[in-house]
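Inspection log for the structure reproduced underneath, given as structure tokens.
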Amino acid sequence: MEYPNLLETAFDEFSAAPAAGNDAAAGDSAGAPQLLIWRQIRWSNRRPLIEVEPVVPGGVAEGAHNRESQAAEVPHMTGESTPNQERSLAQPGVPSGVRIQIPLTPGAYLGLRIPRDSEGELYRYCAGYTTGTSNDAAPESAGIRRVPCPEGTRIQRGQQCPRCTARDEFTALHSAHLYPGTLTESMRAYAMLEHRLYIATFPDGTHKVGTSSLHSTPRRLDEQAVATATYIALAPDGLAIRRAEDAVTALAKIPQVKQVASKYRAWTNPLPGAQLRVAHQEAVARAREALAELARTEPEVPLTALDEPWIPSLAMNRPYAALRAQSPEPLAPCDSGLESGSAGFFCTGAAGQFLSAHTGDADAAFLVNTAAWRNVLVEPAQEFTRVRVQGSLF
């Protein structure tokens with residue numbers, strides 16, 4: 001039996017998109033496989049969207065090397081970059097530069113194959129770069145836009161090619177409180193927006209401190225796959241909030257980064273809910289002590305104390321059921337599909353870049369780490385993930 005595949009809808013939307021605008025972009029090559037680059041799960045209005053980029057088969061689409069920027073505030077793209085990898089003779093096409101966002105419908109089927117080149121390497125493509133946007137007449141509208149990689153560069157690892165790494169304006173924001181002269185005018189406008197400081201706790205009881213802007217609250221935490229989180233401070237700009245963030249890391253020993261692989265292990269082997277709550281309260285208390293010390297030593301840093309909990313959205317219900325104190329429903333780990341070359345399942349919810357899913361038995365649920373597919377070429381297909389899961393006993 002074949003199921004309607006969520007990924008297939010991307011081709012219809014791409015064909016109708018004004019940016020496609022030619023027969024090649026609409027899939028002119030007869031019999032050519034329909035391929036996509038899996039970009040990420042994006043969160044918008046508390047809902048998860050699968051973001052993919054169609055690949056133009058058989059050649060370069062008109063305007064592929066002079067693509068328009070797609071305006072949208074996006075999380076910073078990080079990762080080690082490497083020199084351009086030469087394309088194999090069987091190059092499947094080129095990135096279209098058009099990103100399609102597919103709403104994640106509970107119960108919908110998603111299946112894919114992950115092709116490799118003649119040398120067994122994944123087809124992985126640069127994610128592009130980010131620049132700031134600003135409007136002097138409306139400073140509060142400052143934001144960030146994603147720009148597709150002008151060369152459609154294939155990379156071996158990380159998120160960006162060397163050229164896009166050099167073009168990226170967002171990177172300087174992380175150290176702008178130390179080196180303010182490194183910001184472009186538009187990024188400085190973004191940095192001047194109101195920012196918040198949060199403490200996030202993950203299902204394994206570890207923590208991170210982070211920031212979110214006026215426009216990325218609560219989305220930034222939606223993207224993080226946290227178990228629980230609390231906003232603890234507000235600053236009038238991003239430079240002040242990053243000084244506070246550094247203080248919490250230095251004084252409370254709370255890091256600013258948690259790797260995706262570590263988050264995934266945390267979700268598939270969570271601590272009991274009561275322990276998580278206690279661990280989070282202790283981390284928040286340590287962070288508040290650090291901010292009090294900052295206020296004593298650097299009173300010029302303008303901070304307002306907050307005590308606002310982050311609340312998971314309805315789209316996160318199934319993953320967060322795994323963390324319930326009274327009747328947890330743990331999610332089993334599964335192979336990402338990179339080794340087997342395929343994956344397929346029925347979606348039930350999301351947390352960050354993770355999807356909760358099953359292959360027909362809703363009680364035999366597992367967690368899919370879609371971050372493993374980020375910027376990787378995939379082909380929609382009728383497949384099912386092979387996973388051994390202990391189903392419900394009652």
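Identifiers for the structure tokens are assigned positionally: chains receive A, B, ... in sequence, residues are indexed from 1 per chain, and ligands are indexed from 1 in the order shown.
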Which stretch 189-250 of chain A residues have any atom within 9 Å of an atom of stretch 165-180 of chain A, and for each, what is the nearest pair of atoms with distance in Å to one decimal, counting only C-alpha atoms, rows sorted by chain and number, as a Markdown table?
| residue | atom | partner | partner_atom | distance |
| --- | --- | --- | --- | --- |
| A:Ala191 | CA | A:Leu173 | CA | 7.3 |
| A:Gly238 | CA | A:His177 | CA | 8.1 |
| A:Leu239 | CA | A:His177 | CA | 4.8 |
| A:Ala240 | CA | A:His177 | CA | 7.1 |
| A:Ile241 | CA | A:His177 | CA | 8.9 |
| A:Arg242 | CA | A:His177 | CA | 6.6 |
| A:Arg243 | CA | A:His177 | CA | 6.6 |
Write the selection just made, keeping C-alpha atoms, as a PDB file, in the first residue's frame?
ATOM      1  CA  ALA A 191      21.377  43.795  17.977  1.00  0.00           C
ATOM      2  CA  GLY A 238      21.497  42.112  22.396  1.00  0.00           C
ATOM      3  CA  LEU A 239      24.873  43.447  23.480  1.00  0.00           C
ATOM      4  CA  ALA A 240      23.839  43.742  27.122  1.00  0.00           C
ATOM      5  CA  ILE A 241      22.129  40.339  27.113  1.00  0.00           C
ATOM      6  CA  ARG A 242      25.290  38.673  25.821  1.00  0.00           C
ATOM      7  CA  ARG A 243      27.306  40.184  28.654  1.00  0.00           C
TER       8      ARG A 243
END
Selection near stretch 105-116 of chain A, 7 Å with only C-alpha atoms, sequence-local residues under 6 positions removed, as a ChimeraX atom specification | /A:3-7,122-123,338,341-349,377-384
Residue contacts of A:Glu329 (9 Å, only C-alpha atoms) excluding same-chain residues fewer than 4 positions away, as a ChimeraX atom specification | /A:318-324,363,365,392
For the atom pair atom CA of A:Thr217 and atom CA of A:Trp310, what is the interatomic distance in Å to one decimal place?
-> 9.5 Å
Compile the contact shell of A:Gln101 as an MDAnalysis selection string: residues with an atom at most 8 Å away, counting only C-alpha atoms, same-chain residues fewer than 3 positions apart removed.
-> chainID A and resid 10 49:52
List every residue of stretch 121-176 of chain A that DSSP, applied to the backbone, labels as helix (DSSP H, G or I), and write the result as a PyMOL selection string.
-> chain A and resi 139-141+162-167+171-175
Convert the current residue selection to file output with all heavy atoms, as a JSON list (two decimals), in the first residue's frame.
[["chain", "number", "residue", "atom", "x", "y", "z"],
["A", 139, "PRO", "N", 12.57, 50.85, 13.52],
["A", 139, "PRO", "CA", 13.71, 50.09, 14.06],
["A", 139, "PRO", "C", 13.31, 48.73, 14.62],
["A", 139, "PRO", "O", 14.10, 47.79, 14.57],
["A", 139, "PRO", "CB", 14.24, 51.02, 15.16],
["A", 139, "PRO", "CG", 13.76, 52.38, 14.79],
["A", 139, "PRO", "CD", 12.44, 52.18, 14.12],
["A", 140, "GLU", "N", 12.08, 48.61, 15.14],
["A", 140, "GLU", "CA", 11.66, 47.35, 15.73],
["A", 140, "GLU", "C", 11.46, 46.25, 14.69],
["A", 140, "GLU", "O", 11.32, 45.08, 15.03],
["A", 140, "GLU", "CB", 10.36, 47.54, 16.52],
["A", 140, "GLU", "CG", 9.10, 47.79, 15.68],
["A", 140, "GLU", "CD", 9.01, 49.24, 15.16],
["A", 140, "GLU", "OE1", 9.88, 50.06, 15.51],
["A", 140, "GLU", "OE2", 8.07, 49.52, 14.40],
["A", 141, "SER", "N", 11.46, 46.62, 13.41],
["A", 141, "SER", "CA", 11.28, 45.62, 12.35],
["A", 141, "SER", "C", 12.60, 45.00, 11.90],
["A", 141, "SER", "O", 12.61, 44.14, 11.02],
["A", 141, "SER", "CB", 10.59, 46.26, 11.14],
["A", 141, "SER", "OG", 11.45, 47.22, 10.51],
["A", 162, "PRO", "N", 33.11, 27.78, 2.36],
["A", 162, "PRO", "CA", 33.97, 28.87, 2.84],
["A", 162, "PRO", "C", 33.49, 30.26, 2.42],
["A", 162, "PRO", "O", 33.58, 31.21, 3.19],
["A", 162, "PRO", "CB", 35.33, 28.54, 2.23],
["A", 162, "PRO", "CG", 35.31, 27.05, 2.06],
["A", 162, "PRO", "CD", 33.89, 26.72, 1.70],
["A", 163, "ARG", "N", 32.97, 30.38, 1.19],
["A", 163, "ARG", "CA", 32.53, 31.70, 0.72],
["A", 163, "ARG", "C", 31.34, 32.21, 1.53],
["A", 163, "ARG", "O", 31.29, 33.38, 1.91],
["A", 163, "ARG", "CB", 32.17, 31.64, -0.76],
["A", 163, "ARG", "CG", 33.38, 31.46, -1.68],
["A", 163, "ARG", "CD", 32.95, 31.44, -3.14],
["A", 163, "ARG", "NE", 34.10, 31.25, -4.02],
["A", 163, "ARG", "CZ", 34.01, 31.17, -5.34],
["A", 163, "ARG", "NH1", 32.82, 31.26, -5.92],
["A", 163, "ARG", "NH2", 35.09, 31.00, -6.07],
["A", 164, "CYS", "N", 30.38, 31.33, 1.82],
["A", 164, "CYS", "CA", 29.22, 31.76, 2.58],
["A", 164, "CYS", "C", 29.57, 32.00, 4.04],
["A", 164, "CYS", "O", 28.97, 32.85, 4.70],
["A", 164, "CYS", "CB", 28.08, 30.76, 2.44],
["A", 164, "CYS", "SG", 27.25, 30.84, 0.82],
["A", 165, "THR", "N", 30.54, 31.25, 4.55],
["A", 165, "THR", "CA", 31.02, 31.52, 5.90],
["A", 165, "THR", "C", 31.56, 32.94, 5.99],
["A", 165, "THR", "O", 31.31, 33.68, 6.95],
["A", 165, "THR", "CB", 32.10, 30.51, 6.30],
["A", 165, "THR", "OG1", 31.55, 29.19, 6.27],
["A", 165, "THR", "CG2", 32.64, 30.81, 7.69],
["A", 166, "ALA", "N", 32.31, 33.34, 4.97],
["A", 166, "ALA", "CA", 32.88, 34.70, 4.94],
["A", 166, "ALA", "C", 31.80, 35.76, 4.75],
["A", 166, "ALA", "O", 31.92, 36.88, 5.25],
["A", 166, "ALA", "CB", 33.91, 34.80, 3.83],
["A", 167, "ARG", "N", 30.74, 35.42, 4.01],
["A", 167, "ARG", "CA", 29.66, 36.38, 3.75],
["A", 167, "ARG", "C", 28.73, 36.58, 4.95],
["A", 167, "ARG", "O", 28.03, 37.58, 5.05],
["A", 167, "ARG", "CB", 28.81, 35.90, 2.57],
["A", 167, "ARG", "CG", 29.52, 35.84, 1.22],
["A", 167, "ARG", "CD", 28.61, 35.19, 0.20],
["A", 167, "ARG", "NE", 29.18, 35.16, -1.13],
["A", 167, "ARG", "CZ", 29.31, 34.04, -1.87],
["A", 167, "ARG", "NH1", 28.90, 32.88, -1.38],
["A", 167, "ARG", "NH2", 29.83, 34.10, -3.07],
["A", 171, "THR", "N", 27.47, 35.83, 12.37],
["A", 171, "THR", "CA", 28.53, 35.28, 13.22],
["A", 171, "THR", "C", 29.08, 36.32, 14.17],
["A", 171, "THR", "O", 29.34, 36.03, 15.35],
["A", 171, "THR", "CB", 29.66, 34.72, 12.34],
["A", 171, "THR", "OG1", 29.12, 33.79, 11.40],
["A", 171, "THR", "CG2", 30.71, 34.03, 13.19],
["A", 172, "ALA", "N", 29.27, 37.53, 13.68],
["A", 172, "ALA", "CA", 29.87, 38.59, 14.50],
["A", 172, "ALA", "C", 29.00, 38.97, 15.69],
["A", 172, "ALA", "O", 29.51, 39.53, 16.68],
["A", 172, "ALA", "CB", 30.13, 39.82, 13.64],
["A", 173, "LEU", "N", 27.70, 38.63, 15.64],
["A", 173, "LEU", "CA", 26.81, 39.03, 16.73],
["A", 173, "LEU", "C", 27.17, 38.35, 18.04],
["A", 173, "LEU", "O", 26.98, 38.90, 19.12],
["A", 173, "LEU", "CB", 25.35, 38.71, 16.36],
["A", 173, "LEU", "CG", 24.26, 39.28, 17.27],
["A", 173, "LEU", "CD1", 24.33, 40.80, 17.30],
["A", 173, "LEU", "CD2", 22.89, 38.83, 16.80],
["A", 174, "HIS", "N", 27.73, 37.14, 17.98],
["A", 174, "HIS", "CA", 28.06, 36.40, 19.20],
["A", 174, "HIS", "C", 29.14, 37.08, 20.01],
["A", 174, "HIS", "O", 29.20, 36.91, 21.23],
["A", 174, "HIS", "CB", 28.47, 34.97, 18.84],
["A", 174, "HIS", "CG", 27.35, 34.15, 18.29],
["A", 174, "HIS", "ND1", 26.27, 33.76, 19.05],
["A", 174, "HIS", "CD2", 27.13, 33.64, 17.06],
["A", 174, "HIS", "CE1", 25.43, 33.05, 18.31],
["A", 174, "HIS", "NE2", 25.94, 32.96, 17.09],
["A", 175, "SER", "N", 30.00, 37.82, 19.37],
["A", 175, "SER", "CA", 31.09, 38.50, 20.09],
["A", 175, "SER", "C", 30.98, 40.03, 19.98],
["A", 175, "SER", "O", 31.92, 40.74, 20.30],
["A", 175, "SER", "CB", 32.45, 38.05, 19.55],
["A", 175, "SER", "OG", 32.54, 38.29, 18.16]]
For stretch 257-261 of chain A, please output as a list in words all residues within 10 Å (counting only C-alpha atoms; exclusion window: fewer than 4 positions along the same chain).
-> Phe202, Thr206, His207, Lys208, Val209, Gly210, Gln224, Ala225, Arg265, Ala266, Gly352, Gln353, Phe354, Asn369, Ala371 and Ala372 of chain A
How about saving the chosen residues, N, CA, C and O atoms kept, as a PDB file, in the first residue's frame?
ATOM      1  N   PHE A 202      17.528  20.122  29.705  1.00  0.00           N
ATOM      2  CA  PHE A 202      17.230  19.040  28.769  1.00  0.00           C
ATOM      3  C   PHE A 202      16.831  17.774  29.530  1.00  0.00           C
ATOM      4  O   PHE A 202      17.009  17.700  30.752  1.00  0.00           O
ATOM      5  N   THR A 206      20.877  18.158  32.058  1.00  0.00           N
ATOM      6  CA  THR A 206      21.893  19.161  31.749  1.00  0.00           C
ATOM      7  C   THR A 206      21.213  20.464  31.346  1.00  0.00           C
ATOM      8  O   THR A 206      20.014  20.500  31.067  1.00  0.00           O
ATOM      9  N   HIS A 207      22.005  21.536  31.290  1.00  0.00           N
ATOM     10  CA  HIS A 207      21.431  22.853  31.062  1.00  0.00           C
ATOM     11  C   HIS A 207      22.236  23.634  30.030  1.00  0.00           C
ATOM     12  O   HIS A 207      23.372  23.301  29.717  1.00  0.00           O
ATOM     13  N   LYS A 208      21.635  24.703  29.537  1.00  0.00           N
ATOM     14  CA  LYS A 208      22.348  25.703  28.754  1.00  0.00           C
ATOM     15  C   LYS A 208      21.713  27.062  29.021  1.00  0.00           C
ATOM     16  O   LYS A 208      20.528  27.156  29.375  1.00  0.00           O
ATOM     17  N   VAL A 209      22.520  28.101  28.860  1.00  0.00           N
ATOM     18  CA  VAL A 209      22.016  29.462  28.916  1.00  0.00           C
ATOM     19  C   VAL A 209      21.991  29.990  27.498  1.00  0.00           C
ATOM     20  O   VAL A 209      22.882  29.681  26.693  1.00  0.00           O
ATOM     21  N   GLY A 210      20.970  30.738  27.158  1.00  0.00           N
ATOM     22  CA  GLY A 210      20.854  31.244  25.794  1.00  0.00           C
ATOM     23  C   GLY A 210      20.087  32.544  25.750  1.00  0.00           C
ATOM     24  O   GLY A 210      19.588  33.046  26.774  1.00  0.00           O
ATOM     25  N   GLN A 224      14.964  24.371  20.290  1.00  0.00           N
ATOM     26  CA  GLN A 224      16.053  23.802  21.076  1.00  0.00           C
ATOM     27  C   GLN A 224      15.800  22.399  21.610  1.00  0.00           C
ATOM     28  O   GLN A 224      16.713  21.761  22.124  1.00  0.00           O
ATOM     29  N   ALA A 225      14.560  21.898  21.531  1.00  0.00           N
ATOM     30  CA  ALA A 225      14.215  20.578  22.073  1.00  0.00           C
ATOM     31  C   ALA A 225      14.559  20.495  23.562  1.00  0.00           C
ATOM     32  O   ALA A 225      15.187  19.537  24.023  1.00  0.00           O
ATOM     33  N   ARG A 265      20.302  11.869  22.674  1.00  0.00           N
ATOM     34  CA  ARG A 265      20.496  10.845  23.711  1.00  0.00           C
ATOM     35  C   ARG A 265      19.690  11.192  24.956  1.00  0.00           C
ATOM     36  O   ARG A 265      19.142  10.299  25.619  1.00  0.00           O
ATOM     37  N   ALA A 266      19.604  12.484  25.260  1.00  0.00           N
ATOM     38  CA  ALA A 266      18.835  12.902  26.432  1.00  0.00           C
ATOM     39  C   ALA A 266      17.354  12.563  26.277  1.00  0.00           C
ATOM     40  O   ALA A 266      16.704  12.116  27.233  1.00  0.00           O
ATOM     41  N   GLY A 352      12.018  20.477  18.681  1.00  0.00           N
ATOM     42  CA  GLY A 352      13.234  20.937  18.013  1.00  0.00           C
ATOM     43  C   GLY A 352      13.359  20.324  16.635  1.00  0.00           C
ATOM     44  O   GLY A 352      12.437  20.394  15.806  1.00  0.00           O
ATOM     45  N   GLN A 353      14.502  19.667  16.378  1.00  0.00           N
ATOM     46  CA  GLN A 353      14.730  18.987  15.099  1.00  0.00           C
ATOM     47  C   GLN A 353      14.365  17.513  15.157  1.00  0.00           C
ATOM     48  O   GLN A 353      14.674  16.751  14.233  1.00  0.00           O
ATOM     49  N   PHE A 354      13.705  17.077  16.220  1.00  0.00           N
ATOM     50  CA  PHE A 354      13.335  15.679  16.391  1.00  0.00           C
ATOM     51  C   PHE A 354      11.854  15.472  16.077  1.00  0.00           C
ATOM     52  O   PHE A 354      11.010  16.302  16.417  1.00  0.00           O
ATOM     53  N   ASN A 369      15.932  11.707  14.562  1.00  0.00           N
ATOM     54  CA  ASN A 369      16.809  12.875  14.595  1.00  0.00           C
ATOM     55  C   ASN A 369      16.987  13.394  13.174  1.00  0.00           C
ATOM     56  O   ASN A 369      17.886  12.981  12.448  1.00  0.00           O
ATOM     57  N   ALA A 371      18.093  16.172  12.278  1.00  0.00           N
ATOM     58  CA  ALA A 371      19.296  16.998  12.120  1.00  0.00           C
ATOM     59  C   ALA A 371      20.375  16.241  11.359  1.00  0.00           C
ATOM     60  O   ALA A 371      21.245  16.857  10.734  1.00  0.00           O
ATOM     61  N   ALA A 372      20.317  14.924  11.374  1.00  0.00           N
ATOM     62  CA  ALA A 372      21.279  14.121  10.614  1.00  0.00           C
ATOM     63  C   ALA A 372      21.111  14.325   9.111  1.00  0.00           C
ATOM     64  O   ALA A 372      22.045  14.087   8.340  1.00  0.00           O
TER      65      ALA A 372
END
Filtered DSSP result for stretch 137-304 of chain A, state strand (DSSP E), as a count of residues only = 30
